[in-house]
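**Student:** My structure file work34.cif, mmCIF, C-alpha atoms and all ligand atoms, is below:
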data_run
loop_
_atom_site.label_atom_id
_atom_site.label_comp_id
_atom_site.auth_asym_id
_atom_site.auth_seq_id
_atom_site.Cartn_x
_atom_site.Cartn_y
_atom_site.Cartn_z
CA MET V 1 45.75 70.60 -22.39
CA LYS V 2 44.52 67.13 -21.48
CA SER V 3 45.15 64.17 -23.73
CA LEU V 4 42.20 62.79 -25.63
CA LYS V 5 42.14 59.54 -23.70
CA GLU V 6 42.37 61.41 -20.43
CA ALA V 7 39.42 63.62 -21.40
CA TYR V 8 37.28 60.59 -22.27
CA LYS V 9 38.38 58.14 -19.59
CA ASN V 10 34.94 58.17 -17.99
CA TYR V 11 33.12 57.95 -21.33
CA PHE V 12 34.55 55.46 -23.83
CA LYS V 13 37.82 54.26 -25.28
CA VAL V 14 39.23 56.47 -28.01
CA GLY V 15 41.08 54.91 -30.91
CA ALA V 16 42.77 55.61 -34.21
CA ALA V 17 43.28 53.64 -37.38
CA VAL V 18 46.99 53.38 -38.13
CA SER V 19 49.05 52.13 -41.01
CA ALA V 20 52.40 50.41 -40.77
CA PHE V 21 53.69 52.83 -43.44
CA TRP V 22 53.50 55.88 -41.16
CA LEU V 23 53.23 54.34 -37.71
CA ASP V 24 56.73 55.45 -36.69
CA GLU V 25 55.89 59.08 -37.44
CA ALA V 26 52.62 58.83 -35.51
CA ALA V 27 53.82 56.68 -32.61
CA GLU V 28 54.21 59.42 -29.98
CA THR V 29 50.84 60.97 -30.81
CA VAL V 30 49.13 57.59 -30.72
CA LYS V 31 50.69 56.68 -27.38
CA ALA V 32 49.77 60.04 -25.88
CA HIS V 33 46.15 60.21 -27.00
CA PHE V 34 44.63 56.84 -27.88
CA ASP V 35 43.54 53.75 -25.95
CA THR V 36 43.16 51.54 -29.02
CA VAL V 37 44.32 51.15 -32.61
CA THR V 38 42.82 49.57 -35.71
CA ALA V 39 44.99 48.43 -38.63
CA GLU V 40 43.87 50.51 -41.59
CA ASN V 41 44.39 47.69 -44.12
CA GLU V 42 47.03 45.37 -42.73
CA MET V 43 44.75 42.84 -41.00
CA LYS V 44 42.40 42.44 -43.95
CA TYR V 45 42.72 39.34 -46.09
CA ASN V 46 44.74 41.03 -48.81
CA GLY V 47 46.81 42.85 -46.21
CA LEU V 48 47.87 39.64 -44.50
CA HIS V 49 48.22 37.25 -47.35
CA SER V 50 50.33 38.68 -50.06
CA VAL V 51 48.20 38.48 -53.11
CA LYS V 52 50.05 38.63 -56.34
CA TYR V 53 48.15 41.01 -58.57
CA LEU V 54 48.42 40.66 -62.28
CA HIS V 55 48.95 44.20 -63.46
CA SER V 56 47.75 45.90 -66.61
CA ASP V 57 48.95 43.11 -68.84
CA GLY V 58 47.12 40.61 -66.62
CA GLU V 59 43.78 38.98 -66.86
CA LEU V 60 40.56 40.64 -65.77
CA HIS V 61 37.84 38.72 -64.02
CA PRO V 62 35.12 38.33 -66.65
CA GLU V 63 32.27 39.52 -64.41
CA THR V 64 33.80 41.85 -61.85
CA LYS V 65 36.29 43.31 -64.35
CA ARG V 66 38.74 43.46 -61.50
CA MET V 67 42.23 42.13 -61.68
CA LEU V 68 42.55 38.45 -61.05
CA CYS V 69 45.02 37.53 -58.41
CA HIS V 70 46.43 34.38 -56.98
CA PRO V 71 45.79 33.28 -53.43
CA ALA V 72 48.39 33.54 -50.74
CA GLU V 73 51.59 32.56 -52.40
CA TYR V 74 53.62 34.09 -49.69
CA THR V 75 52.31 35.43 -46.46
CA THR V 76 53.31 38.99 -45.70
CA PRO V 77 52.01 39.89 -42.29
CA GLU V 78 54.84 42.32 -41.48
CA GLY V 79 52.59 45.38 -41.47
CA ALA V 80 50.03 43.82 -39.16
CA ASP V 81 52.81 42.38 -36.97
CA LYS V 82 54.31 45.84 -36.60
CA ILE V 83 51.02 47.42 -35.56
CA TYR V 84 50.15 44.58 -33.20
CA SER V 85 53.50 44.54 -31.44
CA PHE V 86 53.55 48.35 -31.17
CA ALA V 87 50.13 48.23 -29.52
CA LYS V 88 51.01 45.39 -27.15
CA SER V 89 54.26 46.96 -26.04
CA SER V 90 52.55 50.34 -25.50
CA GLY V 91 49.59 48.96 -23.53
CA ILE V 92 47.20 49.93 -26.33
CA GLY V 93 44.20 47.75 -27.24
CA VAL V 94 43.69 46.40 -30.75
CA ARG V 95 40.36 46.39 -32.62
CA GLY V 96 40.54 43.57 -35.15
CA HIS V 97 39.46 44.75 -38.62
CA THR V 98 38.17 42.86 -40.60
CA LEU V 99 37.74 39.13 -41.22
CA ALA V 100 35.47 39.08 -44.26
CA TRP V 101 35.03 42.09 -46.53
CA HIS V 102 33.87 42.13 -50.13
CA SER V 103 36.68 44.55 -51.03
CA SER V 104 39.61 42.56 -49.68
CA TYR V 105 39.98 39.00 -50.89
CA PRO V 106 41.66 37.46 -53.91
CA PHE V 107 39.21 38.62 -56.57
CA GLY V 108 38.52 35.96 -59.10
CA TYR V 109 40.00 33.21 -56.95
CA PHE V 110 37.33 32.92 -54.24
CA GLU V 111 34.73 32.93 -57.00
CA LYS V 112 36.21 29.74 -58.44
CA LEU V 113 36.01 27.80 -55.17
CA THR V 114 33.16 25.52 -54.17
CA PRO V 115 31.28 26.56 -50.99
CA ASP V 116 33.15 23.89 -49.01
CA GLU V 117 36.49 25.06 -50.33
CA LEU V 118 35.72 28.68 -49.54
CA TYR V 119 34.60 27.71 -46.05
CA SER V 120 37.81 25.84 -45.37
CA THR V 121 39.86 28.74 -46.79
CA LEU V 122 38.11 31.12 -44.40
CA ASN V 123 38.46 28.66 -41.54
CA GLU V 124 42.18 28.61 -42.22
CA HIS V 125 42.31 32.42 -42.47
CA PHE V 126 40.44 32.94 -39.17
CA ARG V 127 42.65 30.35 -37.47
CA TYR V 128 45.80 32.01 -38.77
CA VAL V 129 44.68 35.44 -37.61
CA SER V 130 43.58 34.23 -34.18
CA GLU V 131 46.91 32.52 -33.55
CA ARG V 132 49.02 35.41 -34.79
CA TYR V 133 46.99 38.19 -33.12
CA PRO V 134 45.39 36.47 -30.15
CA ASP V 135 44.76 39.56 -28.12
CA CYS V 136 42.40 41.76 -30.12
CA PHE V 137 39.56 42.80 -27.83
CA CYS V 138 37.04 42.80 -30.66
CA TRP V 139 36.73 41.85 -34.32
CA ASP V 140 34.72 43.40 -37.12
CA VAL V 141 33.73 40.04 -38.56
CA VAL V 142 31.80 40.82 -41.75
CA ASN V 143 32.26 44.39 -42.93
CA GLU V 144 29.57 46.34 -44.82
CA ALA V 145 27.16 43.46 -45.41
CA VAL V 146 24.07 45.62 -45.94
CA ASP V 147 23.12 46.94 -49.38
CA ASP V 148 22.63 50.70 -49.84
CA LYS V 149 20.10 50.31 -52.63
CA HIS V 150 16.47 50.93 -51.87
CA GLY V 151 14.55 47.75 -51.10
CA LEU V 152 17.59 45.44 -51.11
CA PHE V 153 18.78 43.84 -47.89
CA LEU V 154 22.16 42.11 -48.09
CA ARG V 155 24.78 43.20 -50.59
CA ASP V 156 25.69 40.69 -53.29
CA THR V 157 29.08 39.30 -52.39
CA VAL V 158 31.04 36.16 -53.05
CA TYR V 159 30.13 35.02 -49.52
CA LYS V 160 26.41 35.39 -50.11
CA ASP V 161 26.76 33.77 -53.47
CA LYS V 162 28.52 30.69 -52.07
CA PHE V 163 26.79 30.26 -48.70
CA GLY V 164 23.34 31.75 -49.25
CA GLU V 165 21.38 34.51 -47.47
CA ASP V 166 22.28 33.27 -43.99
CA TYR V 167 26.01 33.42 -44.65
CA LEU V 168 26.59 35.95 -41.88
CA VAL V 169 25.41 33.56 -39.16
CA LYS V 170 27.76 30.95 -40.60
CA LEU V 171 30.75 33.32 -40.60
CA TYR V 172 30.03 34.74 -37.14
CA LYS V 173 29.83 31.18 -35.77
CA LEU V 174 33.16 30.46 -37.36
CA ALA V 175 34.57 33.64 -35.82
CA ARG V 176 33.21 32.63 -32.40
CA LYS V 177 35.05 29.32 -32.69
CA HIS V 178 38.37 31.03 -33.37
CA PHE V 179 37.93 34.16 -31.23
CA PRO V 180 36.04 32.93 -28.17
CA ASN V 181 37.10 35.89 -26.04
CA ALA V 182 36.74 38.76 -28.48
CA GLU V 183 33.61 40.85 -28.96
CA LEU V 184 32.21 40.10 -32.40
CA ILE V 185 31.09 43.24 -34.17
CA CYS V 186 28.91 43.89 -37.21
CA ASN V 187 30.35 47.03 -38.88
CA ASP V 188 28.66 49.19 -41.51
CA TYR V 189 28.42 52.75 -42.86
CA ASN V 190 25.69 55.34 -43.45
CA GLU V 191 24.17 54.17 -40.20
CA PHE V 192 22.42 57.57 -39.88
CA VAL V 193 20.36 57.02 -43.06
CA PRO V 194 16.99 55.77 -41.80
CA GLU V 195 16.43 53.02 -44.38
CA LYS V 196 19.98 51.75 -44.01
CA ARG V 197 19.64 51.79 -40.23
CA GLU V 198 16.46 49.73 -40.43
CA LYS V 199 18.21 47.13 -42.55
CA ILE V 200 21.20 47.03 -40.18
CA VAL V 201 18.83 46.59 -37.21
CA CYS V 202 17.14 43.75 -39.05
CA LEU V 203 20.50 42.06 -39.63
CA LEU V 204 21.53 42.61 -36.01
CA LYS V 205 18.33 40.91 -34.83
CA ILE V 206 19.09 37.87 -36.99
CA LEU V 207 22.62 37.68 -35.57
CA MET V 208 21.36 38.21 -32.01
CA GLU V 209 18.76 35.49 -32.46
CA ALA V 210 21.60 33.16 -33.44
CA GLY V 211 23.59 34.37 -30.41
CA VAL V 212 26.64 35.29 -32.46
CA VAL V 213 27.07 39.07 -32.22
CA ASP V 214 28.18 41.30 -29.33
CA GLY V 215 28.28 44.74 -30.83
CA VAL V 216 27.59 47.02 -33.72
CA GLY V 217 30.12 49.15 -35.56
CA CYS V 218 29.10 52.59 -36.84
CA GLN V 219 31.69 53.79 -39.31
CA ALA V 220 30.80 57.50 -39.10
CA HIS V 221 32.55 58.53 -42.29
CA ILE V 222 30.81 61.85 -42.77
CA GLY V 223 31.33 65.01 -44.79
CA LEU V 224 31.15 68.60 -43.59
CA HIS V 225 27.49 68.79 -44.58
CA THR V 226 26.37 65.17 -44.40
CA LEU V 227 24.49 65.77 -41.17
CA ASP V 228 22.99 69.15 -42.02
CA GLY V 229 19.23 69.26 -41.49
CA ASP V 230 18.08 66.27 -39.47
CA GLY V 231 21.33 64.29 -39.84
CA PHE V 232 22.52 64.79 -36.26
CA ASP V 233 19.08 63.73 -34.99
CA ASN V 234 19.26 60.68 -37.20
CA MET V 235 22.68 59.84 -35.81
CA ARG V 236 21.28 60.14 -32.29
CA ARG V 237 18.34 57.95 -33.24
CA THR V 238 20.75 55.31 -34.53
CA TYR V 239 22.61 55.16 -31.22
CA GLU V 240 19.28 55.12 -29.42
CA GLU V 241 18.04 52.13 -31.41
CA TYR V 242 21.29 50.20 -31.19
CA ALA V 243 21.47 50.85 -27.45
CA ARG V 244 17.91 49.57 -27.07
CA LEU V 245 18.97 46.28 -28.66
CA GLY V 246 21.45 45.89 -25.82
CA LEU V 247 24.46 45.72 -28.11
CA LYS V 248 27.75 47.49 -27.48
CA ILE V 249 28.29 50.35 -29.88
CA HIS V 250 31.66 50.98 -31.46
CA VAL V 251 32.10 54.10 -33.56
CA THR V 252 34.73 52.66 -35.84
CA GLU V 253 35.96 54.94 -38.64
CA MET V 254 35.10 58.54 -37.90
CA ASP V 255 36.34 61.34 -40.12
CA VAL V 256 34.95 64.51 -41.70
CA ASN V 257 35.53 64.76 -45.44
CA THR V 258 36.13 68.32 -46.57
CA LEU V 259 36.34 67.65 -50.31
CA GLU V 260 34.38 70.08 -52.43
CA SER V 261 32.82 67.29 -54.43
CA GLU V 262 31.25 66.07 -51.22
CA ASN V 263 30.48 69.62 -50.13
CA PRO V 264 29.38 71.53 -53.18
CA THR V 265 28.43 74.55 -51.11
CA SER V 266 31.99 75.24 -50.00
CA PRO V 267 34.17 76.07 -53.00
CA ASP V 268 37.44 77.90 -52.46
CA LYS V 269 37.19 78.28 -48.73
CA PRO V 270 40.40 79.11 -46.90
CA LYS V 271 41.89 76.30 -44.88
CA GLU V 272 41.20 78.08 -41.55
CA VAL V 273 37.50 78.31 -42.37
CA ILE V 274 37.32 74.64 -43.31
CA THR V 275 39.28 73.70 -40.19
CA HIS V 276 36.76 75.61 -38.08
CA GLU V 277 33.81 73.93 -39.82
CA VAL V 278 35.35 70.52 -39.21
CA ALA V 279 35.71 71.43 -35.53
CA GLU V 280 32.01 72.38 -35.40
CA VAL V 281 30.99 68.99 -36.80
CA TYR V 282 33.21 67.08 -34.37
CA SER V 283 31.98 69.16 -31.49
CA LYS V 284 28.32 68.38 -32.28
CA MET V 285 29.07 64.70 -32.84
CA PHE V 286 30.92 64.39 -29.56
CA ALA V 287 28.13 66.07 -27.63
CA ILE V 288 25.86 63.25 -28.90
CA LEU V 289 28.45 60.54 -28.27
CA ARG V 290 28.85 61.70 -24.67
CA GLU V 291 25.08 61.38 -24.18
CA TYR V 292 25.31 57.71 -25.17
CA LYS V 293 28.41 56.89 -23.16
CA ASP V 294 26.71 54.01 -21.37
CA ALA V 295 26.14 52.19 -24.66
CA ILE V 296 29.27 53.31 -26.51
CA GLU V 297 32.38 51.27 -25.85
CA SER V 298 34.83 52.90 -28.25
CA VAL V 299 35.17 55.77 -30.70
CA THR V 300 37.83 55.41 -33.39
CA PHE V 301 39.04 58.03 -35.87
CA TRP V 302 40.02 56.80 -39.32
CA GLY V 303 43.57 58.04 -39.06
CA VAL V 304 45.68 60.39 -36.93
CA SER V 305 47.07 63.21 -39.08
CA ASP V 306 45.47 64.78 -42.14
CA LYS V 307 48.75 64.07 -43.91
CA TYR V 308 48.00 60.36 -44.10
CA SER V 309 44.21 60.29 -44.30
CA TRP V 310 42.87 57.84 -46.88
CA LEU V 311 40.87 60.84 -48.15
CA ASN V 312 44.15 62.43 -49.21
CA SER V 313 45.21 59.31 -51.08
CA PHE V 314 43.96 57.33 -54.04
CA ARG V 315 40.38 58.58 -53.84
CA ASN V 316 41.36 62.20 -54.12
CA LYS V 317 42.05 62.28 -57.82
CA ASN V 318 42.40 66.06 -58.10
CA HIS V 319 44.76 66.24 -55.10
CA VAL V 320 42.68 68.87 -53.36
CA PRO V 321 43.95 68.77 -49.76
CA VAL V 322 41.44 67.35 -47.29
CA TYR V 323 41.43 68.09 -43.55
CA PRO V 324 39.32 65.38 -41.95
CA LEU V 325 41.13 64.48 -38.70
CA LEU V 326 42.18 65.85 -35.31
CA PHE V 327 45.86 66.44 -36.05
CA ASP V 328 47.35 68.52 -38.85
CA GLU V 329 50.04 67.46 -41.29
CA ASN V 330 52.69 68.10 -38.60
CA PHE V 331 50.77 66.10 -36.00
CA ARG V 332 49.78 69.29 -34.16
CA PRO V 333 46.34 69.22 -32.55
CA LYS V 334 43.76 71.15 -34.57
CA GLU V 335 40.76 73.15 -33.39
CA ALA V 336 38.63 69.99 -33.62
CA PHE V 337 40.90 68.37 -31.04
CA GLU V 338 40.62 71.33 -28.67
CA ARG V 339 36.86 71.47 -29.01
CA ILE V 340 36.29 67.82 -28.17
CA VAL V 341 38.81 67.75 -25.33
CA GLU V 342 37.48 70.90 -23.67
CA PHE V 343 33.78 70.27 -23.22
C1 LIG V 401 35.79 51.25 -45.30
C2 LIG V 401 36.49 50.10 -44.60
C3 LIG V 401 37.79 50.52 -44.01
C4 LIG V 401 38.59 51.40 -44.94
C5 LIG V 401 37.77 52.57 -45.36
C6 LIG V 401 38.50 53.49 -46.30
O1 LIG V 401 35.09 52.07 -44.50
O2 LIG V 401 35.72 49.51 -43.59
O3 LIG V 401 38.55 49.38 -43.70
O4 LIG V 401 39.01 50.67 -46.05
O5 LIG V 401 36.64 52.07 -46.05
O6 LIG V 401 39.82 53.58 -46.05
#
What would you get if you wrote out this structure as structure tokens?

**Tutor:**
Amino acid sequence: MKSLKEAYKNYFKVGAAVSAFWLDEAAETVKAHFDTVTAENEMKYNGLHSVKYLHSDGELHPETKRMLCHPAEYTTPEGADKIYSFAKSSGIGVRGHTLAWHSSYPFGYFEKLTPDELYSTLNEHFRYVSERYPDCFCWDVVNEAVDDKHGLFLRDTVYKDKFGEDYLVKLYKLARKHFPNAELICNDYNEFVPEKREKIVCLLKILMEAGVVDGVGCQAHIGLHTLDGDGFDNMRRTYEEYARLGLKIHVTEMDVNTLESENPTSPDKPKEVITHEVAEVYSKMFAILREYKDAIESVTFWGVSDKYSWLNSFRNKNHVPVYPLLFDENFRPKEAFERIVEF
């Protein structure tokens, strides 16, 4: 059977998120099948700058109720270094992910800074990243900026709080200064939900007007039944609208969650049945992705093997096994892999 990257060489780049923790185990599979990698967490702020968390006996931030932590006391970029050098030495491209995300910064510390201080901290962070990882072909600059709640536009974050509503233009300009040759991407999730899509399009137009964005990231975290009904049509409509804007589309974090809580109609199904259903979803998604190959630059899966999917980790409190990816726990290709390679 063909490799994934061979099957899609005339369509788009195919990529996988990888983690330094299991990269060695996945290395052969990644080299055989993928054109690009994304660091799952290692290139985020808290992945790069070791942030010393105060544990249960520590202080909680009075508003966010999250643990306070100190800013970079030591820098620990080993994980990101490992991924980056693996990719470079294997001829694999790197998608940079992500420069400013509301879930990865020293909680409590950024809040205490003045806008100028936060700006210079971010300037320093972007500079550091650009010098250490100069060769990422694109960067998800701000991640998940748009609010999911009805009627609200931008999510409340420390960045919005300090820099105001037009903070994204400010941060994309800063990214342009440090990453003049990388495509700057605006990445978000639930892109197939019509109201969310409209808000993302609105944000993209603001960034395009300012001349600071090159592409749009569609996370594509879906569940087995997320796209039932008109979901696949909505996904198609999203690509259609983004393509019409003239932006490059990156599908950035695709996986198919099989958890029962996300799929209440599928209790107690045998693994083979679930595996087949996952394959059906991937097969339909890829038929749509192939239609939009002229606009789509890359399609990335959020992981390689089910064994190490984030959906099998901290989020999965009941430890129900989840089978969201193309390779099984032994890195053997699953039915989903076969279906999207043989089209
Ligand atoms: C979001 C982020 C990713 C990753 C996933 C879950 O989608 O963009 O970086 O953290 O959540 O693993």

**Student:** Select the residues contacting ligand LIG 401 (chain V) at a distance of at most 12 Å, based on only C-alpha atoms and all ligand atoms, then format the selection as an MDAnalysis selection string.

**Tutor:** chainID V and resid 17:19 38:47 95:104 140:145 186:191 217:222 251:255 257 300:303 308:316

**Student:** Would you kindly identify which residues have an atom no farther than 10 Å from (38.6, 31.0, -33.5), using all atoms listed in the file and the file's own coordinates, and write them out as an MDAnalysis selection string?

**Tutor:** chainID V and resid 123:131 134 173:182

**Student:** Tell me which protein, DNA and RNA residues are within 12 Å of V:Ile206, counting all atoms listed in the file, leaving out same-chain ones fewer than 2 positions away, and put them as an mmCIF file with C-alpha atoms, in the frame of the given file.

**Tutor:**
data_model
loop_
_atom_site.group_PDB
_atom_site.id
_atom_site.type_symbol
_atom_site.label_atom_id
_atom_site.label_comp_id
_atom_site.auth_asym_id
_atom_site.auth_seq_id
_atom_site.Cartn_x
_atom_site.Cartn_y
_atom_site.Cartn_z
ATOM 1 C CA GLU V 165 21.380 34.510 -47.470
ATOM 2 C CA ASP V 166 22.280 33.270 -43.990
ATOM 3 C CA TYR V 167 26.010 33.420 -44.650
ATOM 4 C CA LEU V 168 26.590 35.950 -41.880
ATOM 5 C CA VAL V 169 25.410 33.560 -39.160
ATOM 6 C CA LYS V 170 27.760 30.950 -40.600
ATOM 7 C CA TYR V 172 30.030 34.740 -37.140
ATOM 8 C CA CYS V 186 28.910 43.890 -37.210
ATOM 9 C CA LYS V 199 18.210 47.130 -42.550
ATOM 10 C CA ILE V 200 21.200 47.030 -40.180
ATOM 11 C CA VAL V 201 18.830 46.590 -37.210
ATOM 12 C CA CYS V 202 17.140 43.750 -39.050
ATOM 13 C CA LEU V 203 20.500 42.060 -39.630
ATOM 14 C CA LEU V 204 21.530 42.610 -36.010
ATOM 15 C CA MET V 208 21.360 38.210 -32.010
ATOM 16 C CA GLU V 209 18.760 35.490 -32.460
ATOM 17 C CA ALA V 210 21.600 33.160 -33.440
ATOM 18 C CA GLY V 211 23.590 34.370 -30.410
ATOM 19 C CA VAL V 212 26.640 35.290 -32.460
ATOM 20 C CA VAL V 213 27.070 39.070 -32.220
ATOM 21 C CA LEU V 245 18.970 46.280 -28.660
#

**Student:** Let me have the centre and edge lengths of the axis-aligned box enclosing all listed atoms of stretch 16-19 of chain V with 4 Å padding on every side, in Å to one decimal, as lines of an AutoDock Vina configuration file.

**Tutor:**
center_x = 45.9
center_y = 53.9
center_z = -37.6
size_x = 14.3
size_y = 11.5
size_z = 14.8

**Student:** Give me the residues near V:Leu227 as number ranges by chain, where near means some atom within 10 Å (using all atoms listed in the file) and where sequence neighbours in that chain fewer than 4 positions away do not count.

**Tutor:** V: 192-193, 222-223, 231-235, 281, 285

**Student:** I'd like the interatomic distance between atom CA of V:Phe327 and atom CA of V:Trp139, to a tenth of an Å.

**Tutor:**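 We find that atom CA of V:Phe327 and atom CA of V:Trp139 lie 26.3 Å from each other.
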
**Student:** Identify, on the basis of all atoms listed in the file, every residue whose closest approach to V:Val304 does not exceed 10 Å; exclude the query and any residue fewer than 6 positions from it along the same chain; express the result as a list in words.

**Tutor:**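 Residues near the query, excluding close chain neighbours: Gly15, Ala16, Ala17, Val18, Ser19, Trp22, Leu23, Ala26, Ala27, Thr29, Val30, His33, Phe34, Asp255, Pro324, Leu325, Leu326, Phe327, Asp328, Glu329, Phe331 and Pro333 of chain V.
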
**Student:** Output C-alpha atoms for every residue in that selection, as a short mmCIF file (atom, residue, chain, number, x, y, z; two decimals), keeping the file's coordinate frame.

**Tutor:**
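Heads up, here's the output in result02.cif:
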data_model
loop_
_atom_site.label_atom_id
_atom_site.label_comp_id
_atom_site.auth_asym_id
_atom_site.auth_seq_id
_atom_site.Cartn_x
_atom_site.Cartn_y
_atom_site.Cartn_z
CA GLY V 15 41.08 54.91 -30.91
CA ALA V 16 42.77 55.61 -34.21
CA ALA V 17 43.28 53.64 -37.38
CA VAL V 18 46.99 53.38 -38.13
CA SER V 19 49.05 52.13 -41.01
CA TRP V 22 53.50 55.88 -41.16
CA LEU V 23 53.23 54.34 -37.71
CA ALA V 26 52.62 58.83 -35.51
CA ALA V 27 53.82 56.68 -32.61
CA THR V 29 50.84 60.97 -30.81
CA VAL V 30 49.13 57.59 -30.72
CA HIS V 33 46.15 60.21 -27.00
CA PHE V 34 44.63 56.84 -27.88
CA ASP V 255 36.34 61.34 -40.12
CA PRO V 324 39.32 65.38 -41.95
CA LEU V 325 41.13 64.48 -38.70
CA LEU V 326 42.18 65.85 -35.31
CA PHE V 327 45.86 66.44 -36.05
CA ASP V 328 47.35 68.52 -38.85
CA GLU V 329 50.04 67.46 -41.29
CA PHE V 331 50.77 66.10 -36.00
CA PRO V 333 46.34 69.22 -32.55
#

**Student:** Measure the distance from atom CA of V:Glu25 to atom CA of V:Thr275 in Å and round it to one decimal.

**Tutor:**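 For atom CA of V:Glu25 relative to atom CA of V:Thr275, the distance reads 22.3 Å.
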
**Student:** Could you list as a PDB file with C-alpha atoms, in the frame of the given file every residue that has an atom within 8 Å of (44.6, 45.9, -30.5), using the file's coordinates and counting all atoms listed in the file?

**Tutor:**
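Once written, result_39.pdb looks like this:
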ATOM      1  CA  THR V  36      43.160  51.540 -29.020  1.00  0.00           C
ATOM      2  CA  VAL V  37      44.320  51.150 -32.610  1.00  0.00           C
ATOM      3  CA  THR V  38      42.820  49.570 -35.710  1.00  0.00           C
ATOM      4  CA  TYR V  84      50.150  44.580 -33.200  1.00  0.00           C
ATOM      5  CA  ALA V  87      50.130  48.230 -29.520  1.00  0.00           C
ATOM      6  CA  LYS V  88      51.010  45.390 -27.150  1.00  0.00           C
ATOM      7  CA  ILE V  92      47.200  49.930 -26.330  1.00  0.00           C
ATOM      8  CA  GLY V  93      44.200  47.750 -27.240  1.00  0.00           C
ATOM      9  CA  VAL V  94      43.690  46.400 -30.750  1.00  0.00           C
ATOM     10  CA  ARG V  95      40.360  46.390 -32.620  1.00  0.00           C
ATOM     11  CA  GLY V  96      40.540  43.570 -35.150  1.00  0.00           C
ATOM     12  CA  ASP V 135      44.760  39.560 -28.120  1.00  0.00           C
ATOM     13  CA  CYS V 136      42.400  41.760 -30.120  1.00  0.00           C
ATOM     14  CA  PHE V 137      39.560  42.800 -27.830  1.00  0.00           C
TER      15      PHE V 137
END

**Student:** Any idea what the distance is between atom CA of V:Tyr8 and atom CA of V:Ile296?

**Tutor:**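 Distance reported for this atom pair: 11.6 Å.
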